[in-house]
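Below is one structure, written out as structure tokens, with a few remarks after it.
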Amino acid sequence: MTEFIVQTLNGLTLAGIIFLVSSGFTLVFGVMRVTNLAHGAVYLLGGYVAYSVIGGKSGNFFYGLIAGTAAMAVLGLLIERLLLPWLKHVEMAELLATLGLVYVIDDLSLAIWGGNPLNFNLPGVLGESSVLPFRHIVYPNERFFILGVAVVVGVGLWLMLRYTRIGAIIRAGVDDRNMVMALGINVRLVFTGVFVLGAALAGFAGVLGVPVLGLYTGGDTNILLFALAVVVVGGLGSYEGAVIGSLIIGLIDTYGTAYFPAVAYTVLFIPLVVILLVRPQGILGRKAMA
Amino acid sequence: MIEVEDVHTYRGLNYVLQGVDLTIPDQQCTVLLGRNGMGKTTLVETVMGLLRPRTGNVRLDGREVAGRPSYEVARHGVALVPQGRHIFRSLSVEENLTLGARPPLEGHTGTTWTLDMVYELFPNLGDRRKNGGGQLSGGEQQMLAIGRALMTNPRLLLMDEPSEGLAPVIVDRVGDIVAQLRGEGLGVFLVEQNYALAVRSADTVNILASGTVVWRGTPAELDAAPDVRETHLGV
């Protein structure tokens, strides 16, 4: 039972990180119809930038968090303004170009930061562990912190989407972006904003994820796989779907790794297969997307 | 006023509009009739800036807008009630209406539309203002699409098959609304397959067949030309 509680907490922490990545991924697809395969690479690069800014044990984690997030927002802006217009909304070109970007970012990271796994931890009390009031479970504070931050960001984004004008434009854009334009709204600016937001979220998650998942070349492929699994399960383009999908994928992957380590990767694909058979558009996805 | 001049538009590889000439004057109801697949919606989307014509001109009050993004066309006073209504399902009724709300352009005459006035015109929408856009009936969705367009305070309203899929009594209501809006000085471009509704509303009728305007005249003239109706409309 104690083991199960710990694994559940681990699963929720992982779900939090996955959510930060996949919410941006799903919003970018929903509004722009761009499947950004470089989203995981942006996550990884955010972590590396933070590692350099923090620069060792004495450095300040929060400077790294800010730097990693800001740098990836700028990278997102560059991709959206310089790379995407070049591809003229040709789906295959977008897939291949963003996949190519993954190799570029991976190799550059390898050249700059090397192939050894890196790590940093949260400072002060956040880097310590607490004893939970029940069953005397010892659990690291940083994981509670990461989970809490993911929840706060998730709720904040939801409030933004639900109650602000820009949120209404984004939701309407997911429904029908041509109609949004026909109402006199410059969707180009909204596209740029959403893409930058998505990249910033990926960078943010990339920094927060390091104490849990580590920092290594190839980590981006794992996180992209999670994000893809989340949007299949939750429904591509649906924000609430990303919440549900992240919880399912985060928990199942954690339980799978803990209890069925020999087939952990297979376990991850079970919810995918079930969803694709029962409800191919995803739990909260729409059947036909305009 | 919108002037469409020798417009050729492709949809993917399909050569749909093959040299369309058309004038949509202010403060009148201009009707476009034609059978399915003749390019009516393609013409509307070209005028609105949602499709880019391969060649040809679309002028809005003398200003060239062909190939300009549709938000610019909209900001110059053109609003769209699209075929299939395209209500934002993730937005409430009220959010659908306020999303594109804009004050009228300078020199605007006639009604200045506000949320209250749209609810006055369509009391059903007021009752369901908190409902999701996807929860409305077909007729209510059509009213919402019209209200959403009016909230941008346009000078010209493009309506693409507003009677499609509606019960006859609602189609009559759409006709009343078109008459009312035109009476208030709004220019209306009505694309229809419903012959009765089109003829009832029109100042001028254009018939589109195989990507060009093949006939133009008044409703009375069309009524007196059974061969034209037979050939191009099947009525």
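Just remember, in the structure tokens the first chain shown is A, the second B, etc., residues are 1-based per chain, and ligands are 1-based in the order shown.
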List the neighbours of Ala205 (chain A) out to 8 Å using only C-alpha atoms; skip same-chain residues closer than 5 positions along the sequence, and give me the result as a PyMOL selection string. chain A and resi 17-18+20-21+43+46
Taking only C-alpha atoms into account, what are the residues of chain B at most 7 Å from chain A, put as a list of chain:residue names?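 My answer is B:Leu50, B:Ser70, B:Tyr71, B:Glu72, B:Ala74, B:Arg75, B:Ala79, B:Leu80, B:Phe88, B:Arg89, B:Ser90, B:Leu91, B:Gly100.
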Using the selection just defined, write its residues with all heavy atoms as a short mmCIF file (atom, residue, chain, number, x, y, z; two decimals), in the first residue's frame.
```cif
data_model
loop_
_atom_site.label_atom_id
_atom_site.label_comp_id
_atom_site.auth_asym_id
_atom_site.auth_seq_id
_atom_site.Cartn_x
_atom_site.Cartn_y
_atom_site.Cartn_z
N LEU B 50 -11.36 34.66 -48.03
CA LEU B 50 -11.01 33.35 -47.49
C LEU B 50 -10.34 32.50 -48.56
O LEU B 50 -9.64 31.54 -48.25
CB LEU B 50 -12.25 32.65 -46.94
CG LEU B 50 -12.82 33.29 -45.68
CD1 LEU B 50 -14.20 32.73 -45.36
CD2 LEU B 50 -11.89 33.09 -44.49
N SER B 70 -8.91 37.91 -44.90
CA SER B 70 -10.33 38.22 -44.72
C SER B 70 -10.56 39.18 -43.55
O SER B 70 -11.56 39.88 -43.53
CB SER B 70 -11.13 36.94 -44.53
OG SER B 70 -10.65 36.23 -43.42
N TYR B 71 -9.64 39.21 -42.57
CA TYR B 71 -9.90 40.15 -41.47
C TYR B 71 -9.84 41.60 -41.95
O TYR B 71 -10.53 42.46 -41.41
CB TYR B 71 -8.97 39.91 -40.27
CG TYR B 71 -7.51 40.16 -40.50
CD1 TYR B 71 -6.97 41.42 -40.36
CD2 TYR B 71 -6.66 39.10 -40.82
CE1 TYR B 71 -5.62 41.65 -40.56
CE2 TYR B 71 -5.32 39.32 -41.02
CZ TYR B 71 -4.81 40.59 -40.88
OH TYR B 71 -3.47 40.82 -41.07
N GLU B 72 -9.06 41.85 -43.00
CA GLU B 72 -9.06 43.21 -43.55
C GLU B 72 -10.37 43.53 -44.26
O GLU B 72 -10.91 44.63 -44.11
CB GLU B 72 -7.89 43.37 -44.54
CG GLU B 72 -6.56 43.55 -43.87
CD GLU B 72 -5.47 43.93 -44.87
OE1 GLU B 72 -5.80 44.45 -45.96
OE2 GLU B 72 -4.31 43.68 -44.56
N ALA B 74 -13.20 42.20 -43.58
CA ALA B 74 -14.20 42.36 -42.52
C ALA B 74 -14.11 43.75 -41.89
O ALA B 74 -15.12 44.39 -41.63
CB ALA B 74 -14.00 41.28 -41.46
N ARG B 75 -12.89 44.23 -41.68
CA ARG B 75 -12.73 45.53 -41.03
C ARG B 75 -13.17 46.69 -41.91
O ARG B 75 -13.37 47.79 -41.44
CB ARG B 75 -11.28 45.72 -40.60
CG ARG B 75 -10.91 44.88 -39.40
CD ARG B 75 -9.45 45.01 -39.05
NE ARG B 75 -9.07 44.04 -38.03
CZ ARG B 75 -7.85 43.90 -37.57
NH1 ARG B 75 -6.87 44.67 -38.02
NH2 ARG B 75 -7.59 42.99 -36.65
N ALA B 79 -19.47 41.54 -43.69
CA ALA B 79 -19.66 40.46 -42.72
C ALA B 79 -20.20 39.23 -43.44
O ALA B 79 -20.88 39.35 -44.45
CB ALA B 79 -20.61 40.89 -41.61
N LEU B 80 -19.90 38.07 -42.87
CA LEU B 80 -20.24 36.80 -43.51
C LEU B 80 -21.16 35.97 -42.63
O LEU B 80 -20.89 35.77 -41.45
CB LEU B 80 -18.95 36.01 -43.80
CG LEU B 80 -19.12 34.59 -44.35
CD1 LEU B 80 -19.72 34.60 -45.73
CD2 LEU B 80 -17.78 33.86 -44.36
N PHE B 88 -19.35 28.81 -33.38
CA PHE B 88 -18.26 28.34 -32.52
C PHE B 88 -18.85 27.48 -31.41
O PHE B 88 -19.51 27.99 -30.50
CB PHE B 88 -17.47 29.51 -31.94
CG PHE B 88 -16.87 30.39 -32.99
CD1 PHE B 88 -17.26 31.72 -33.09
CD2 PHE B 88 -15.93 29.91 -33.88
CE1 PHE B 88 -16.71 32.54 -34.07
CE2 PHE B 88 -15.39 30.72 -34.85
CZ PHE B 88 -15.78 32.04 -34.95
N ARG B 89 -18.60 26.19 -31.47
CA ARG B 89 -19.24 25.27 -30.53
C ARG B 89 -18.65 25.39 -29.12
O ARG B 89 -19.32 25.10 -28.15
CB ARG B 89 -19.08 23.82 -31.01
CG ARG B 89 -19.67 23.58 -32.39
CD ARG B 89 -19.13 22.28 -32.96
NE ARG B 89 -19.32 21.20 -32.00
CZ ARG B 89 -20.41 20.45 -31.97
NH1 ARG B 89 -21.36 20.62 -32.86
NH2 ARG B 89 -20.53 19.50 -31.07
N SER B 90 -17.40 25.80 -29.04
CA SER B 90 -16.76 25.90 -27.72
C SER B 90 -17.12 27.20 -27.02
O SER B 90 -16.69 27.42 -25.89
CB SER B 90 -15.24 25.81 -27.86
OG SER B 90 -14.89 24.72 -28.65
N LEU B 91 -17.84 28.08 -27.69
CA LEU B 91 -18.19 29.36 -27.11
C LEU B 91 -19.68 29.39 -26.77
O LEU B 91 -20.48 28.74 -27.44
CB LEU B 91 -17.88 30.51 -28.09
CG LEU B 91 -16.48 31.13 -28.02
CD1 LEU B 91 -15.38 30.10 -28.19
CD2 LEU B 91 -16.32 32.22 -29.07
N GLY B 100 -16.67 39.14 -32.39
CA GLY B 100 -16.30 40.05 -33.47
C GLY B 100 -16.93 41.43 -33.35
O GLY B 100 -16.87 42.22 -34.29
#
```
Exercise: Leu208 (chain B) partners within 8 Å, only C-alpha atoms, chain neighbours under 3 positions left out, as a PyMOL selection string: chain B and resi 32-35+38-40+211-215
Run DSSP on the backbone and give me the residues of region 69-178 of chain A it puts in alpha helix (DSSP H), as an MDAnalysis selection string. chainID A and resid 69:78 84:87 91:113 141:163 165:178
Please return, as a ChimeraX atom specification, all residues of region 118-154 of chain A that DSSP assigns to strand (DSSP E) on the basis of the backbone. /A:129-131,138-140
